[in-house]
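Here's the structure we're looking at; comments come further down.
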Amino acid sequence: MPLSRLAALHGVATSFSPSPGRTVAASDAAVVAALAALGVPAATPDAIRAALTARETELRERLLPPTLVSWSGAPTGAAGSDDGSGARDSAPGADDDGRAPDENPPAPSESWPAPDVNRRGVGDNPPAPDVNRHGVGDIPPAPDVNRHGVGDIPPAPDENRPEAGDNPPAPDGDAPATGGSPPVARAFVAGGSDRSAGAAPAQGDPDPAAPATPPGFQGDSSLASALAALPAGTRLRIRTEQGETRASAEQLPLGVHELEATAPDGRTARAHLVVAPTRLPAAPGRTYGLLVQVYSLLSRRSWGMGDLGDLAELTAWAGRALGAGFVQVNPMHAAVPGAPTDPSPYRPSSRRYPDPVYLRVEDIPEFAYAGERDRDRVRTLLERAERQRESVLDKGALIDRDAVWELKREALELVRDVPLGPGRRAAYCDFLAEEGEALEDHATWCALAEVYGSDWQKWPAALRDPCSAETARARGELMDRVDFHSRLAWLTDAQLATAQRSARDAGMGVGLVHDLAVGVHPGGADAWAQQEYFAAGMSVGAPPDAFSVQGQDWGLPPWRPDRLAESGYAPYRRLLRALFRYAGALRIDHVMGLFRLWWIPQGRPATEGTYVRYDAEAMLAILALEAYRAGALVIGEDLGTVEPGVREKLHEHGVLGTSVLWFERDWDGTGLPLPPESWRADCLATATTHDLPPTASRLTGDHVELRDRLGLLTRPVEEERAEAATDVGEWLALLARLGLLQGTAGGQSEDSEEAQIQALHRFLLRTPARMIGVWLPDTVGDRRPQNLPGTWDQYPNWRLPVADAEGRPVTLEELAASPRLHALIDVVRAGRAVGGCRQDTGVPGPDPAESGPGVVESRPGVVETGPDSGGVPPRTAPPGARPD
C-alpha cells in the first residue's frame with residue numbers, strides 16, 4: 001500500500017509486536033499523524049502519492065544521507081581511569097579546542113570557506129551568545145520538512161557482523177572514493193538502506209546488487225555502505241573536527257567531521273561523519289554502590305530537602321567509610337517552575353541544565369558576604385530554612401519543593417547582589433562563553449516564565465519563537481533576570497562538579513552515576529529553545545502490553561529523527577557532553593528509545609500510537625564518542641518489553657543493562673527465579689528501584705496493602721496477596737538452597753525481614769554482574785516507594801524522605817551511624833571477595849598473570865576479577881514489566 005511504503009521510507013511503523021508471535025496493526029490515523037509531525041502530508045490519497053514520489057526521488061538522487069557513522073578500533077580502556085578531574089578531551093592528544101598539538105586549521109578555500117562563528121558548531125563548545133543565532137547544524141542547509149534521511153526501517157541488529165578495527169593509512173592527495181558505478185546512489189543508514197523506488201528487497205534480505213564494502217572500512221558502518229554506493233570517480237574532502245582537511249575517509253580521528261562528496265557528473269553532497277570507538281569504556285573491575293533520590297536524603301543542614309552539599313557528604317562518606325564505588329542519583333535536570341511544581345524528576349524543563357533547587361546555599365562563597373550586607377534578612381532566611389527542615393524530619397511533613405525553592409530563591413537573590421571577585425568573575429565569564437546560546441536560551445526562558453508563566457505555548461505569540469525580534473527585545477529588557485538564571489546554572493554546575501570530585505577523592509572508581517530522563521516537559525525551556533527538533537503534536541509513551549493494557553502516555557514530546565540527522569545530532573551531542581561533565585557514569589532511562597519510540601498524537605489514547613524509528617547506529621556512535629571523551633560508563637535501563645536485537649546491539653557497544661532481582665526469572669522456560677550463574681555480567685544488578693516497592697515492603701507484602709488502600713488493584717486483594725506471597729516464597733526457597741540465609745550480620749534471625757534483605761544482596765553478589773546497586777532506603781528498612789506508578793495525587797510521589805521501618809525520617813547523620821545499614825554493607829563488602837561468576841566474556845579485564853588467581857580489592861568499591869560472563873542471556877523480564 002502507498003501509505004505503508006511512505007511510512008517505511010520515513011521510519012514510521014505500521015504494526016508492532018506487543019509479545020512474541022503476536023502482531024498488531026497501527027491505525028492509519030496514527031501513521032498519518034506521525035508522518036504529519038515529520039512534515040510529510042499524508043491525509044489524502046493524492047497527498048500520499050505526492051509525498052511518496054518526492055521521497056523516492058530524493059533518495060534516488062542524493063549522494064549521501066545527512067549523517068554517517070564509522071566505527072573506530074580505538075581502545076576504550078576502563079571508565080574512571082583518569083585522574084578524577086573530569087577533563088574532557090576532544091580526542092587523544094588533542095588540545096582543549098579538540099585540535100592536535102601544534103596543528104593549525106587549513107586556510108579557507110572555495111570548497112571550505114572560513115567557519116561562521118555564529119553557527120552552532122560541530123564538536124567544540126558553542127560560541128559566546130549572539131542574538132543572531134539558531135543556524136541548524138554545520139553542513140546541511142536549514143531543515144527542509146521534505147528531507148528526512150531516516151530511510152527504510154532497519155532490520156534487527158546482527159551480532160555476527162564483524163567488530164570494528166583499525167583502518168589502513170590514508171593515501172595522499174585528492175583520491176576517488178572506492179566503489180562501483182551503480183546507476184542510482186544508495187546510502188545505508190543505521191543498518192538499513194535508502195534505496196531507489198522499486199529496487200528494495202524485503203527488509204532484512206541481502207541485496208545481491210549491493211556493491212562490496214571498500215577495503216579499510218567496517219562492513220557494518222553506514223560510512224562503508226555509503227562510500228561503496230558512490231559512483232566511481234567520486235572525490236571526497238573531509239574537514240575533521242580537529243581542523244585538518246583530508247581527501248580520504250580512512251584513519252580518521254575520533255570526532256564529528258564534515259564530509260563532502262563530488263560525483264563525476266558534478267553533483268555534490270555534504271554529510272556529518274561521526275567517528276566513534278566501537279565500545280564504550282569498561283567498568284573498572286567489579287564494583288558496588290548506593291542508589292538514592294537526592295531530594296529524599298536530608299541532613300541537619302538541609303533546607304527541607306536533600307541538596308548537593310548532602311550529596312557531596314554522602315559520596316565522601318560512602319567512598320571512605322563504606323568502600324562504595326559509585327552513587328547513582330535521580331535526574332538532576334531543571335524542573336518546570338511554578339506552584340505547584342511537578343515533583344517528578346523525569347519530566348523536566350531542561351535536561352541540559354541542572355535544577356538550582358539542589359544548591360547548598362551556604363557553600364556559595366558569596367553567601368558569607370551577603371550576611372555582612374543584610375544580616376537580619378539572612379538570619380530570618382536561615383530560621384525559616386530550619387523550620388522547613390524540622391517540618392519534614394520531626395513533624396512528618398512531605399518534602400515541599402515550592403517552599404524550599406522560595407527560600408533559596410530569596411537567598412540567591414542576596415548572593416547575586418554580592419560582587420564576584422576577579423577570579424570568580426573570570427570563571428563565570430568562561431562558563432558563559434562555553435555554554436553560549438544554549439545557556440542564553442535557557443536563562444531567557446526562565447526569565448520569561450517569571451512574567452508569562454511556565455508554559456511557553458500560552459505566551460504571547462511573538463514570544464513563542466526564541467528567534468523572533470520580540471523575544472530579542474524581551475531578553476534585553478529582562479537581562480538582569482537572564483543573568484540571574486545564568487548564574488544559577490553556573491553555581492549548580494560547580495556544586496555538581498564538587499560532588500563528583502568528592503566521590504573520586506574518596507577513592508570511588510566510578511563516582512556519580514547521573515540519570516538521563518526520556519524527554520522534557522512540552523511547556524519547558526528545552527521544548528521552547530529547540531522547537532525545530534521536536535515533533536509537534538506528539539507525545540512519547542508505551543503501547544498496550546501485559547503490564548498496562550491501556551498503554552502509557554508520558555507526556556513528553558519526542559525528538560524528530562530527521563532533524564537530528566540533518567544537524568549531525570547537535571542537540572543530542574551537547575546534552576550528553578553537559579551530563580558527562582560531572583558524571584563517572586550515565587544511566588539512560590528507557591534506553592530502547594535510542595532505537596524507536598512510541599509516538600502518540602496529543603489528545604488521543606496511548607493505544608492509538610505507533611513506533612517511529614531513530615538511527616540507532618548514529619545515536620549509539622554519539623553516545624560512545626562522548627562517553628569515551630569523558631571516560632565514563634553508560635548504563636541502559638532496558639526493563640520490560642525490548643525489541644529483538646536491541647540488548648545484543650547495546651551489549652556489542654559496551655552499554656551495560658539493568659537487572660532488577662524480582663524481574664529476573666526464566667520467563668521463556670520454568671518461570672522460576674533465575675539462578676545467579678544465568679544472569680548477565682554486563683549490567684547493574686539491584687534488588688529494587690525508585691519505581692518499585694522497597695525490598696522490605698516486597699518481603700512483607702506491604703506493597704499489596706498499599707495499592708489496595710489506594711484502590712489501584714484490578715482483581716481481588718486475596719489473589720494479589722497470594723501471588724505476592726508465592727513470588728517471595730520462590731525467591732526465599734532459592735536463597736535457602738544456596739545457603740544464603742545463613743550467617744546473617746547484626747545478630748538477626750534468619751527468618752527476619754532484615755536477614756532476608758541481606759540474603760538477597762548476597763544473591764546479587766553471586767551473579768556475575770559488574771555493578772551491584774544497594775537502594776539506600778533498603779539499608780534502614782524503609783517500606784515506602786518513592787514513586788507509585790499509576791498515581792498522581794493519591795500518593796506523595798517524589799516527596800518522601802528516606803525513613804526507617806516505622807516511617808520515621810532518617811537523616812544522613814543517622815544513616816552514617818545506623819547499625820542496620822552497616823550490617824548490610826558488611827554483607828556486601830564481604831560478599832564481593834567471594835561472589836561473582838568468572839566465565840569468559842571477551843571483555844578486557846585485568847591480566848590474571850599480574851593479578852593472580854584470586855580477587856584483589858585495589859581501591860574502594862572496586863574488586864578486580866578476571867573476565868566473567870558478559871553474554872546476553874534469554875529474556876529475563878516479563879513482557880511489559882517496565883515499572884515506570
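Ordered as shown in the C-alpha cells, chains take letters A, B, and onward, while each chain numbers its residues from 1 and ligands are numbered from 1 in the order shown.
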- request: Fewer than 3 positions away in the same chain doesn't count, so skip those; otherwise give me all residues within 6 Å of region 660-668 of chain A, counting only C-alpha atoms, as a PyMOL selection string.
  value: chain A and resi 671-674+685-688+876-877
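Here the DSSP assignment of strand (DSSP E), based on backbone atoms, applies within region 319-543 of chain A to A:Phe326, A:Val327, A:Gln328, A:Val329, A:His333, A:Ala334, A:Ser350, A:Arg351, A:Arg352, A:Tyr353, A:Pro354, A:Gly511, A:Leu512, A:Val513, A:His514, A:Asp515, A:Leu516, A:Met538, A:Ser539, A:Val540, A:Gly541, A:Ala542.
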Listing only residues of region 248-319 of chain A within 8 Å of region 341-359 of chain A, what is the closest atom pair and its distance in Å (to one decimal) for each, using only C-alpha atoms, sorted by chain and residue number ascending, as JSON lines?
```
{"residue": "A:Tyr295", "atom": "CA", "partner": "A:Tyr358", "partner_atom": "CA", "distance": 7.7}
{"residue": "A:Gly306", "atom": "CA", "partner": "A:Tyr358", "partner_atom": "CA", "distance": 7.1}
{"residue": "A:Asp307", "atom": "CA", "partner": "A:Tyr358", "partner_atom": "CA", "distance": 4.4}
{"residue": "A:Leu308", "atom": "CA", "partner": "A:Tyr358", "partner_atom": "CA", "distance": 5.6}
{"residue": "A:Gly309", "atom": "CA", "partner": "A:Leu359", "partner_atom": "CA", "distance": 7.5}
```
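If you measure from each of A:Ile600, A:Val642, A:Leu564, A:Ala282 to Asp545 (chain A) using only C-alpha atoms, the closest one turns out to be A:Val642.
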task: May I ask which of the residues A:Leu311, A:Ala263, A:Gly584, A:Ala427 is the closest one to Arg62 (chain A), counting only C-alpha atoms?
output: A:Ala263
Can you build me a table of region 251-354 of chain A residues sitting at most 12 Å from region 496-517 of chain A, with the closest atom pair per residue and its distance in Å to one decimal, using only C-alpha atoms, sorted by chain and residue number, as CSV?
```
residue,atom,partner,partner_atom,distance
A:Pro281,CA,A:Val510,CA,11.3
A:Ala282,CA,A:Val510,CA,10.7
A:Ala283,CA,A:Val510,CA,8.1
A:Pro284,CA,A:Gly509,CA,6.5
A:Gly285,CA,A:Gly509,CA,8.8
A:Arg286,CA,A:Gly509,CA,9.8
A:Thr287,CA,A:Gly509,CA,7.9
A:Tyr288,CA,A:Val510,CA,9.8
A:Gly289,CA,A:Gly511,CA,8.9
A:Leu290,CA,A:Val513,CA,9.8
A:Leu291,CA,A:Val513,CA,8.9
A:Val292,CA,A:Val513,CA,10.3
A:Gln293,CA,A:Asp515,CA,10.6
A:Val294,CA,A:His514,CA,11.0
A:Asp307,CA,A:Leu496,CA,10.1
A:Leu308,CA,A:Leu496,CA,6.7
A:Gly309,CA,A:Ala499,CA,7.6
A:Asp310,CA,A:Ala499,CA,9.0
A:Leu311,CA,A:Ala499,CA,6.3
A:Ala312,CA,A:Ala499,CA,4.3
A:Glu313,CA,A:Ser502,CA,7.9
A:Leu314,CA,A:Ala503,CA,8.5
A:Thr315,CA,A:Ala503,CA,4.8
A:Ala316,CA,A:Ala506,CA,5.3
A:Trp317,CA,A:Ala506,CA,7.7
A:Ala318,CA,A:Ala506,CA,8.1
A:Gly319,CA,A:Ala506,CA,4.9
A:Arg320,CA,A:Ala506,CA,5.3
A:Ala321,CA,A:Ala506,CA,9.0
A:Leu322,CA,A:Ala506,CA,10.3
A:Gly323,CA,A:Met508,CA,7.7
A:Ala324,CA,A:Met508,CA,6.4
A:Gly325,CA,A:Met508,CA,4.3
A:Phe326,CA,A:Gly511,CA,4.4
A:Val327,CA,A:Leu512,CA,5.1
A:Gln328,CA,A:Val513,CA,4.3
A:Val329,CA,A:His514,CA,5.7
A:Asn330,CA,A:Asp515,CA,5.7
A:Pro331,CA,A:Asp515,CA,4.6
A:Met332,CA,A:Asp515,CA,7.5
A:His333,CA,A:Leu516,CA,8.3
A:Ala334,CA,A:Ala517,CA,11.3
A:Ala335,CA,A:Ala517,CA,11.8
A:Ser344,CA,A:Ala517,CA,10.4
A:Pro345,CA,A:Ala517,CA,7.8
A:Tyr346,CA,A:Ala517,CA,5.2
A:Arg347,CA,A:Ala517,CA,7.4
A:Pro348,CA,A:Ala517,CA,8.1
A:Ser349,CA,A:Ala517,CA,11.0
A:Ser350,CA,A:Ala517,CA,10.0
A:Arg351,CA,A:Ala517,CA,7.3
A:Arg352,CA,A:Leu516,CA,9.5
A:Tyr353,CA,A:Leu496,CA,11.1
A:Pro354,CA,A:Leu496,CA,8.7
```
- prompt: Using only C-alpha atoms, which residues sit within 12 Å of Trp405 (chain A) once same-chain residues fewer than 2 positions away are excluded, as a PyMOL selection string?
  reply: chain A and resi 303-305+307+335-341+355-361+381+385+388+399-403+407-413
message: If we count only C-alpha atoms and set the cut-off at 9 Å, which residues sit around Thr67 (chain A), ignoring sequence neighbours fewer than 2 positions away in its own chain? Please answer as a list in words.
response: Leu64, Pro65, Val69, Gly149, Val189, Ser222, Leu223, Arg270, Ala271, His272, Leu273, Val274, Ala565, Glu566, Ser567, Gly568, Tyr569 and Ala618 of chain A
- request: Find the spatial neighbours of Asn787 (chain A), counting only C-alpha atoms, within a cut-off of 10 Å - ignore same-chain residues fewer than 4 positions away - and output them as a PyMOL selection string.
  value: chain A and resi 344+689-693+791-792+795-800+883-884
statement: Of A:Asp826, A:Glu440, A:Asp793, A:Glu608, the one nearest to Thr779 (chain A) when counting only C-alpha atoms is A:Asp826
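Comparing A:Asp526, A:Ala449, A:Leu230, A:Phe16 by their smallest distance to Glu61 (chain A), the closest is A:Leu230 (using only C-alpha atoms).
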task: Quick one: pick out all alpha helix (DSSP H) residues within region 304-495 of chain A from a backbone DSSP run and write them as a PyMOL selection string.
output: chain A and resi 308-321+367-373+375-393+401-416+422-452+469-477+479-495
Identify, on the basis of only C-alpha atoms, every residue whose closest approach to Asp417 (chain A) does not exceed 10 Å; exclude the query and any residue fewer than 5 positions from it along the same chain; express the result as a CSV table (one decimal) with N, CA and C atoms, in the first residue's frame.
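After the write, result.csv holds the following:
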```
chain,number,residue,atom,x,y,z
A,366,GLU,N,30.0,33.6,47.9
A,366,GLU,CA,29.4,35.0,48.1
A,366,GLU,C,28.4,35.0,49.3
A,367,PHE,N,27.9,33.9,49.7
A,367,PHE,CA,26.8,33.9,50.7
A,367,PHE,C,27.3,34.5,52.0
A,369,TYR,N,29.3,36.9,52.4
A,369,TYR,CA,29.4,38.3,52.3
A,369,TYR,C,28.0,38.9,52.3
A,370,ALA,N,27.0,38.1,51.8
A,370,ALA,CA,25.6,38.5,51.8
A,370,ALA,C,25.2,38.8,53.2
A,373,ARG,N,26.1,42.2,54.5
A,373,ARG,CA,25.3,43.3,53.9
A,373,ARG,C,23.9,43.4,54.4
A,412,LEU,N,19.4,33.4,47.1
A,412,LEU,CA,20.2,33.5,45.9
A,412,LEU,C,20.1,34.9,45.3
A,484,PHE,N,20.6,36.4,36.2
A,484,PHE,CA,20.4,35.7,37.4
A,484,PHE,C,20.3,34.2,37.2
```
